[in-house]
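Trainee: Input structure: my_file_14.txt, which contains compact mmCIF, C-alpha atoms.
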```txt
# COMPACT_ATOMS: atom_id res chain seq x y z
CA MET S 1 0.00 0.00 0.00
CA VAL S 2 1.36 3.40 -1.00
CA SER S 3 0.29 6.60 0.75
CA HIS S 4 0.51 10.16 -0.55
CA TYR S 5 2.90 12.71 0.93
CA PHE S 6 -0.13 14.71 2.11
CA THR S 7 -1.35 11.78 4.24
CA LYS S 8 -1.21 12.25 8.01
CA ASP S 9 0.50 8.97 8.89
CA PRO S 10 2.32 7.33 5.95
CA VAL S 11 2.43 3.53 5.90
CA THR S 12 5.26 3.06 3.40
CA PRO S 13 8.34 1.76 5.25
CA SER S 14 10.86 4.40 6.24
CA LYS S 15 14.06 4.66 4.21
CA GLU S 16 15.95 7.80 5.16
CA ARG S 17 18.60 9.38 2.98
CA THR S 18 20.58 12.62 2.92
CA ILE S 19 20.39 15.17 0.13
CA THR S 20 22.67 18.14 -0.42
CA TYR S 21 21.94 21.41 -2.23
CA LYS S 22 23.52 24.83 -2.60
CA ILE S 23 21.80 28.20 -2.49
CA ASN S 24 23.27 31.70 -2.24
CA GLY S 25 26.71 30.23 -1.56
CA LEU S 26 25.51 28.02 1.28
CA THR S 27 25.58 24.21 1.21
CA ILE S 28 22.73 22.56 3.13
CA ASN S 29 22.30 18.89 4.00
CA LEU S 30 18.83 17.55 4.81
CA THR S 31 17.48 14.14 5.72
CA THR S 32 14.54 12.93 3.59
CA ASP S 33 12.45 9.77 3.64
CA THR S 34 9.76 7.88 1.76
CA ASN S 35 6.32 9.48 1.55
CA VAL S 36 7.51 13.06 1.74
CA PHE S 37 7.43 15.52 -1.14
CA ALA S 38 10.62 15.65 -3.28
CA LYS S 39 12.26 12.85 -1.29
CA ASN S 40 15.07 12.46 -3.84
CA GLY S 41 16.11 16.11 -4.04
CA ILE S 42 14.84 19.66 -4.05
CA ASP S 43 12.30 20.11 -6.83
CA GLN S 44 12.79 22.81 -9.43
CA GLY S 45 9.78 24.88 -8.37
CA THR S 46 10.96 25.08 -4.76
CA MET S 47 14.43 26.22 -5.83
CA ILE S 48 12.97 28.93 -8.05
CA LEU S 49 10.74 30.07 -5.17
CA LEU S 50 13.67 30.08 -2.74
CA LYS S 51 15.85 32.20 -5.00
CA ILE S 52 13.13 34.86 -5.01
CA ILE S 53 11.99 34.84 -1.39
CA THR S 54 15.50 34.84 0.08
CA LYS S 55 15.81 38.28 -1.53
CA GLU S 56 12.33 39.45 -0.48
CA ILE S 57 12.28 38.38 3.19
CA ASN S 58 14.75 39.80 5.71
CA THR S 59 13.00 39.87 9.06
CA GLY S 60 9.81 38.85 10.87
CA LYS S 61 7.81 35.69 11.46
CA VAL S 62 7.33 33.14 8.67
CA LEU S 63 4.94 30.21 8.26
CA ASP S 64 6.04 27.43 5.91
CA ILE S 65 2.80 25.53 5.32
CA GLY S 66 3.03 22.07 3.77
CA CYS S 67 6.70 22.14 4.74
CA GLY S 68 7.65 18.57 3.84
CA TYR S 69 11.04 17.89 5.42
CA GLY S 70 11.59 21.61 5.91
CA VAL S 71 13.31 22.82 2.77
CA ILE S 72 11.78 26.29 2.51
CA GLY S 73 11.62 27.16 6.20
CA LEU S 74 15.06 25.78 7.04
CA THR S 75 16.68 27.44 4.03
CA LEU S 76 15.20 30.80 5.02
CA ALA S 77 16.32 30.37 8.62
CA SER S 78 19.81 29.33 7.50
CA LEU S 79 20.25 32.39 5.30
CA ILE S 80 18.34 35.04 7.25
CA PRO S 81 19.31 35.42 10.93
CA ASP S 82 16.50 37.83 11.85
CA ILE S 83 13.50 35.59 11.19
CA ARG S 84 11.58 33.01 13.15
CA VAL S 85 9.91 30.17 11.28
CA VAL S 86 7.00 27.85 11.95
CA CYS S 87 6.98 24.79 9.68
CA SER S 88 3.77 22.78 9.46
CA ASP S 89 2.61 19.72 7.57
CA ILE S 90 -0.22 17.21 7.86
CA ASN S 91 2.36 14.43 7.38
CA LEU S 92 3.81 13.26 10.71
CA ARG S 93 6.88 11.79 9.01
CA ALA S 94 7.58 15.12 7.33
CA VAL S 95 7.27 16.98 10.64
CA SER S 96 9.65 14.55 12.34
CA LEU S 97 12.17 15.07 9.55
CA THR S 98 11.87 18.84 9.84
CA ILE S 99 12.57 18.65 13.58
CA LYS S 100 15.57 16.38 12.91
CA ASN S 101 16.90 18.69 10.20
CA ALA S 102 16.44 21.80 12.34
CA ARG S 103 18.50 20.18 15.09
CA ALA S 104 21.22 19.12 12.65
CA LEU S 105 21.43 22.68 11.31
CA GLU S 106 21.35 24.11 14.86
CA LEU S 107 18.21 26.07 14.07
CA SER S 108 15.87 24.67 16.74
CA ASN S 109 15.91 27.99 18.58
CA ARG S 110 14.36 29.77 15.58
CA VAL S 111 12.43 27.01 13.80
CA THR S 112 9.36 25.26 15.21
CA ALA S 113 7.82 22.28 13.42
CA LEU S 114 4.31 20.97 14.11
CA GLN S 115 1.72 18.65 12.66
CA SER S 116 -1.36 20.47 11.44
CA ASN S 117 -4.15 19.85 8.95
CA LEU S 118 -3.98 23.19 7.19
CA TYR S 119 -4.16 25.85 9.93
CA GLU S 120 -5.98 23.99 12.70
CA ASN S 121 -2.97 23.69 15.07
CA ILE S 122 -1.28 26.95 14.12
CA GLU S 123 -1.44 29.86 16.53
CA GLY S 124 -0.78 33.55 16.04
CA ASN S 125 -0.23 35.72 12.99
CA PHE S 126 2.67 35.94 10.58
CA ASP S 127 4.47 38.46 8.40
CA TYR S 128 4.89 35.91 5.64
CA VAL S 129 3.33 32.61 4.59
CA VAL S 130 5.37 30.57 2.11
CA THR S 131 4.39 27.39 0.28
CA ASN S 132 4.94 25.11 -2.65
CA PRO S 133 1.30 24.04 -2.49
CA PRO S 134 0.30 20.36 -2.81
CA ILE S 135 -1.40 20.55 -6.20
CA ARG S 136 -2.41 16.89 -6.09
CA ALA S 137 -4.39 17.44 -2.89
CA GLY S 138 -7.07 19.20 -4.96
CA LYS S 139 -8.58 22.64 -5.44
CA LYS S 140 -10.48 22.65 -2.13
CA VAL S 141 -7.29 22.16 -0.13
CA LEU S 142 -5.43 24.74 -2.21
CA ASP S 143 -8.17 27.31 -1.71
CA SER S 144 -8.10 26.64 2.03
CA ILE S 145 -4.36 27.34 2.02
CA TYR S 146 -4.85 30.67 0.22
CA THR S 147 -7.81 31.90 2.27
CA GLY S 148 -6.30 30.63 5.51
CA ALA S 149 -3.05 32.43 4.81
CA TYR S 150 -4.95 35.70 4.43
CA GLN S 151 -6.51 35.19 7.85
CA ARG S 152 -3.11 34.43 9.43
CA LEU S 153 -1.18 37.30 7.88
CA ASN S 154 -0.54 40.62 9.55
CA THR S 155 -1.75 43.63 7.57
CA GLY S 156 0.84 44.27 4.87
CA GLY S 157 2.07 40.69 5.12
CA ALA S 158 2.44 38.48 2.08
CA LEU S 159 1.82 34.97 0.83
CA TYR S 160 4.53 33.62 -1.48
CA LEU S 161 3.93 30.52 -3.56
CA VAL S 162 5.09 28.73 -6.69
CA VAL S 163 2.78 27.08 -9.22
CA ARG S 164 3.50 25.56 -12.60
CA ARG S 165 1.70 27.28 -15.45
CA LYS S 166 0.31 23.98 -16.72
CA GLN S 167 -0.96 23.13 -13.22
CA GLY S 168 -3.08 26.24 -12.85
CA ALA S 169 -0.87 29.28 -12.30
CA GLU S 170 -3.21 31.60 -14.17
CA SER S 171 -6.32 30.48 -12.29
CA THR S 172 -4.37 30.71 -9.03
CA VAL S 173 -3.56 34.35 -9.73
CA SER S 174 -7.21 35.04 -10.55
CA ARG S 175 -8.34 33.45 -7.29
CA LEU S 176 -5.75 35.31 -5.21
CA ILE S 177 -6.87 38.63 -6.71
CA GLU S 178 -10.32 37.91 -5.25
CA ILE S 179 -8.84 37.50 -1.75
CA TYR S 180 -5.82 39.81 -1.46
CA SER S 181 -5.36 43.53 -1.91
CA HIS S 182 -2.43 43.17 -4.31
CA VAL S 183 -1.07 40.24 -6.34
CA ASP S 184 2.19 40.14 -8.32
CA VAL S 185 3.81 37.49 -10.48
CA LEU S 186 7.45 37.97 -9.46
CA ILE S 187 8.99 35.63 -12.02
CA LYS S 188 8.10 33.13 -14.73
CA ASP S 189 10.89 30.60 -15.02
CA LYS S 190 10.97 27.14 -16.65
CA GLY S 191 7.18 26.98 -16.60
CA TYR S 192 6.91 28.00 -12.92
CA TRP S 193 5.32 31.19 -11.64
CA VAL S 194 6.36 32.69 -8.31
CA ILE S 195 3.41 34.66 -6.98
CA LYS S 196 3.24 37.23 -4.17
CA ALA S 197 -0.14 38.08 -2.67
CA THR S 198 -0.16 40.96 -0.19
CA LYS S 199 -2.80 41.49 2.49
```
Rewrite the structure of this file - the entire thing - as structure tokens.
Mentor:
Amino acid sequence: MVSHYFTKDPVTPSKERTITYKINGLTINLTTDTNVFAKNGIDQGTMILLKIITKEINTGKVLDIGCGYGVIGLTLASLIPDIRVVCSDINLRAVSLTIKNARALELSNRVTALQSNLYENIEGNFDYVVTNPPIRAGKKVLDSIYTGAYQRLNTGGALYLVVRRKQGAESTVSRLIEIYSHVDVLIKDKGYWVIKATK
């Protein structure tokens, strides 16, 4: 039996491995496992998103929703000393990996990881919400991520996300315009759109 990476408690046997990637001159090692998103290496969309948001974010409180094993949140915390990050995922295995990776990177004092179905276990407001949304989870889940982010953002705060054009980037922008006061497409690269929606 195979379970999706957006399942709460994956049943596929664990098989941890280490991946290595470089960003902005920094080399980062992370532990991954079966039944987490991009288990074999950082996916192209996430890297494109990271290259943009590491230039956009320099301080404040960040929520990485659907964090997987912590790539976005841990990369931001590694590169930007003046932020605090909450990483959340429905997947218990992913959350455990994020905690393990935060410890290995000595970021546990600035990165918190917790299991949450969307925003149900998340407290407080944030300056930024970042996500590579789980497209395969369906439109209802995606819309809950976008509307929930608006409710969790401080005024003037922003949601950053990456979506492939062929997986609905244009309709995503249209939907975000209905919710947020301002929406920008920051880059279109290799078929991926990085979108910023400001409250």
Trainee: Restricting the calculation to only C-alpha atoms: of S:Gly73, S:Gly25, S:Pro81, S:Gly45, which residue gets closest to Ile99 (chain S)?
Mentor: S:Gly73
Trainee: Taking into account only C-alpha atoms, which residue in the set S:Val85, S:Leu79, S:Ile23, S:Leu159 is nearest to Asn132 (chain S)?
Mentor: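 Answer, going by the shortest atom-to-atom distance: S:Leu159.
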Trainee: So the first atom is CA of Asn29 (chain S) and the second is CA of Thr75 (chain S); what is the distance between them in Å, to one decimal place?
Mentor: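 So the answer is 10.2 Å.
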Trainee: Using all atoms listed in the file, which residue out of S:Met47, S:Val36, S:Ser14, S:Glu120 lies closest to Val95 (chain S)?
Mentor: S:Val36
Trainee: Tell me, in Å to one decimal, how far CA of Asp33 (chain S) is from CA of Arg93 (chain S).
Mentor: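 CA of Asp33 (chain S) sits 8.0 Å away from CA of Arg93 (chain S).
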Trainee: List every protein, DNA or RNA residue that has at least one atom no more than 8 Å from (3.7, 22.1, 8.5) in the file's coordinates, counting only C-alpha atoms, and write the result as a list in words.
Mentor: Asp64, Ile65, Gly66, Cys67, Gly68, Val86, Cys87, Ser88, Asp89, Ile90, Asn91, Val95, Ala113, Leu114, Gln115, Ser116 and Leu118 of chain S
Trainee: Between CA of Leu92 (chain S) and CA of Trp193 (chain S), what is the spacing in Å?
Mentor: 28.7 Å
Trainee: Hey, which of S:Gln44, S:Glu178, S:Tyr128, S:Ala137 ends up closest to Ala158 (chain S)? Count only C-alpha atoms.
Mentor: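 Looking only at the distances to Ala158 (chain S), the closest residue turns out to be S:Tyr128.
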Trainee: Measuring atom to atom with only C-alpha atoms, identify which of S:Ile52, S:Ala197, S:Val111, S:Ala77 is nearest to Leu26 (chain S).
Mentor: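 The closest residue to Leu26 (chain S) is S:Ala77.
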Trainee: Residues near Pro133 (chain S), anyone? I mean within 12 Å using all atoms listed in the file, not counting same-chain ones fewer than 4 positions away, as a VMD selection string.
Mentor: chain S and resid 5 to 6 37 45 to 46 49 64 to 68 72 89 118 129 137 to 146 149 159 to 164 167 to 169 172 194 to 195
Trainee: Return the single residue from S:Val183, S:Ile135, S:Val62, S:Ile19 that is closest to Thr31 (chain S), with distances computed using all atoms listed in the file.
Mentor: S:Ile19
Trainee: So which residues touch Asn58 (chain S) within 9 Å, counting all atoms listed in the file, skipping near sequence neighbours fewer than 5 positions away, as a list in words?
Mentor: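 Contacts, with the query itself left out: Ile80, Pro81, Asp82 and Ile83 of chain S.
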Trainee: Those same residues - C-alpha atoms - I'd like them written as a compact mmCIF listing (two decimals), in the coordinates of the input.
Mentor:
```
# COMPACT_ATOMS: atom_id res chain seq x y z
CA ILE S 80 18.34 35.04 7.25
CA PRO S 81 19.31 35.42 10.93
CA ASP S 82 16.50 37.83 11.85
CA ILE S 83 13.50 35.59 11.19
```
Trainee: Can you rebuild region 56-67 of chain S with all heavy atoms and give it as a PDB file, in the coordinates of the input?
Mentor:
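Heads up, here's the output in out.pdb:
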```
ATOM      1  N   GLU S  56      13.502  38.647  -0.865  1.00  0.00           N
ATOM      2  CA  GLU S  56      12.330  39.450  -0.480  1.00  0.00           C
ATOM      3  C   GLU S  56      12.152  39.541   1.039  1.00  0.00           C
ATOM      4  O   GLU S  56      11.676  40.544   1.559  1.00  0.00           O
ATOM      5  CB  GLU S  56      11.065  38.805  -1.074  1.00  0.00           C
ATOM      6  CG  GLU S  56      10.967  38.886  -2.578  1.00  0.00           C
ATOM      7  CD  GLU S  56      10.079  40.023  -3.044  1.00  0.00           C
ATOM      8  OE1 GLU S  56       9.069  40.324  -2.377  1.00  0.00           O
ATOM      9  OE2 GLU S  56      10.410  40.640  -4.081  1.00  0.00           O
ATOM     10  N   ILE S  57      12.520  38.466   1.742  1.00  0.00           N
ATOM     11  CA  ILE S  57      12.280  38.380   3.190  1.00  0.00           C
ATOM     12  C   ILE S  57      13.568  38.653   3.945  1.00  0.00           C
ATOM     13  O   ILE S  57      14.610  38.065   3.628  1.00  0.00           O
ATOM     14  CB  ILE S  57      11.729  36.988   3.562  1.00  0.00           C
ATOM     15  CG1 ILE S  57      10.371  36.755   2.885  1.00  0.00           C
ATOM     16  CG2 ILE S  57      11.610  36.816   5.074  1.00  0.00           C
ATOM     17  CD1 ILE S  57       9.841  35.334   3.020  1.00  0.00           C
ATOM     18  N   ASN S  58      13.525  39.542   4.936  1.00  0.00           N
ATOM     19  CA  ASN S  58      14.750  39.800   5.710  1.00  0.00           C
ATOM     20  C   ASN S  58      14.522  39.873   7.209  1.00  0.00           C
ATOM     21  O   ASN S  58      15.477  39.966   7.972  1.00  0.00           O
ATOM     22  CB  ASN S  58      15.452  41.069   5.210  1.00  0.00           C
ATOM     23  CG  ASN S  58      14.521  42.268   5.171  1.00  0.00           C
ATOM     24  OD1 ASN S  58      13.641  42.411   6.013  1.00  0.00           O
ATOM     25  ND2 ASN S  58      14.701  43.126   4.177  1.00  0.00           N
ATOM     26  N   THR S  59      13.283  39.833   7.632  1.00  0.00           N
ATOM     27  CA  THR S  59      13.000  39.870   9.060  1.00  0.00           C
ATOM     28  C   THR S  59      11.568  39.406   9.286  1.00  0.00           C
ATOM     29  O   THR S  59      10.799  39.252   8.332  1.00  0.00           O
ATOM     30  CB  THR S  59      13.192  41.293   9.637  1.00  0.00           C
ATOM     31  OG1 THR S  59      13.102  41.244  11.068  1.00  0.00           O
ATOM     32  CG2 THR S  59      12.141  42.265   9.107  1.00  0.00           C
ATOM     33  N   GLY S  60      11.196  39.155  10.561  1.00  0.00           N
ATOM     34  CA  GLY S  60       9.810  38.850  10.870  1.00  0.00           C
ATOM     35  C   GLY S  60       9.547  37.382  11.143  1.00  0.00           C
ATOM     36  O   GLY S  60      10.461  36.569  11.333  1.00  0.00           O
ATOM     37  N   LYS S  61       8.272  37.028  11.128  1.00  0.00           N
ATOM     38  CA  LYS S  61       7.810  35.690  11.460  1.00  0.00           C
ATOM     39  C   LYS S  61       7.223  35.039  10.215  1.00  0.00           C
ATOM     40  O   LYS S  61       6.365  35.618   9.549  1.00  0.00           O
ATOM     41  CB  LYS S  61       6.764  35.760  12.576  1.00  0.00           C
ATOM     42  CG  LYS S  61       6.378  34.408  13.165  1.00  0.00           C
ATOM     43  CD  LYS S  61       5.408  34.597  14.328  1.00  0.00           C
ATOM     44  CE  LYS S  61       4.980  33.244  14.899  1.00  0.00           C
ATOM     45  NZ  LYS S  61       3.943  33.407  15.951  1.00  0.00           N
ATOM     46  N   VAL S  62       7.677  33.820   9.920  1.00  0.00           N
ATOM     47  CA  VAL S  62       7.330  33.140   8.670  1.00  0.00           C
ATOM     48  C   VAL S  62       6.641  31.818   8.982  1.00  0.00           C
ATOM     49  O   VAL S  62       7.061  31.067   9.854  1.00  0.00           O
ATOM     50  CB  VAL S  62       8.599  32.854   7.834  1.00  0.00           C
ATOM     51  CG1 VAL S  62       8.232  32.142   6.540  1.00  0.00           C
ATOM     52  CG2 VAL S  62       9.367  34.139   7.539  1.00  0.00           C
ATOM     53  N   LEU S  63       5.588  31.523   8.217  1.00  0.00           N
ATOM     54  CA  LEU S  63       4.940  30.210   8.260  1.00  0.00           C
ATOM     55  C   LEU S  63       5.209  29.497   6.955  1.00  0.00           C
ATOM     56  O   LEU S  63       4.877  29.990   5.886  1.00  0.00           O
ATOM     57  CB  LEU S  63       3.432  30.363   8.471  1.00  0.00           C
ATOM     58  CG  LEU S  63       2.606  29.064   8.335  1.00  0.00           C
ATOM     59  CD1 LEU S  63       3.002  28.037   9.387  1.00  0.00           C
ATOM     60  CD2 LEU S  63       1.108  29.368   8.422  1.00  0.00           C
ATOM     61  N   ASP S  64       5.824  28.316   7.057  1.00  0.00           N
ATOM     62  CA  ASP S  64       6.040  27.430   5.910  1.00  0.00           C
ATOM     63  C   ASP S  64       4.988  26.338   6.001  1.00  0.00           C
ATOM     64  O   ASP S  64       5.117  25.402   6.785  1.00  0.00           O
ATOM     65  CB  ASP S  64       7.460  26.857   5.971  1.00  0.00           C
ATOM     66  CG  ASP S  64       7.747  25.835   4.876  1.00  0.00           C
ATOM     67  OD1 ASP S  64       6.872  25.626   4.008  1.00  0.00           O
ATOM     68  OD2 ASP S  64       8.849  25.252   4.896  1.00  0.00           O
ATOM     69  N   ILE S  65       3.907  26.483   5.226  1.00  0.00           N
ATOM     70  CA  ILE S  65       2.800  25.530   5.320  1.00  0.00           C
ATOM     71  C   ILE S  65       2.936  24.449   4.243  1.00  0.00           C
ATOM     72  O   ILE S  65       3.223  24.751   3.085  1.00  0.00           O
ATOM     73  CB  ILE S  65       1.424  26.230   5.248  1.00  0.00           C
ATOM     74  CG1 ILE S  65       0.309  25.221   5.548  1.00  0.00           C
ATOM     75  CG2 ILE S  65       1.211  26.965   3.944  1.00  0.00           C
ATOM     76  CD1 ILE S  65      -0.994  25.861   5.962  1.00  0.00           C
ATOM     77  N   GLY S  66       2.749  23.196   4.651  1.00  0.00           N
ATOM     78  CA  GLY S  66       3.030  22.070   3.770  1.00  0.00           C
ATOM     79  C   GLY S  66       4.537  21.947   3.607  1.00  0.00           C
ATOM     80  O   GLY S  66       5.053  21.824   2.498  1.00  0.00           O
ATOM     81  N   CYS S  67       5.247  21.951   4.739  1.00  0.00           N
ATOM     82  CA  CYS S  67       6.700  22.140   4.740  1.00  0.00           C
ATOM     83  C   CYS S  67       7.491  20.934   4.250  1.00  0.00           C
ATOM     84  O   CYS S  67       8.680  21.058   3.963  1.00  0.00           O
ATOM     85  CB  CYS S  67       7.172  22.519   6.140  1.00  0.00           C
ATOM     86  SG  CYS S  67       6.948  21.214   7.392  1.00  0.00           S
TER      87      CYS S  67
END
```
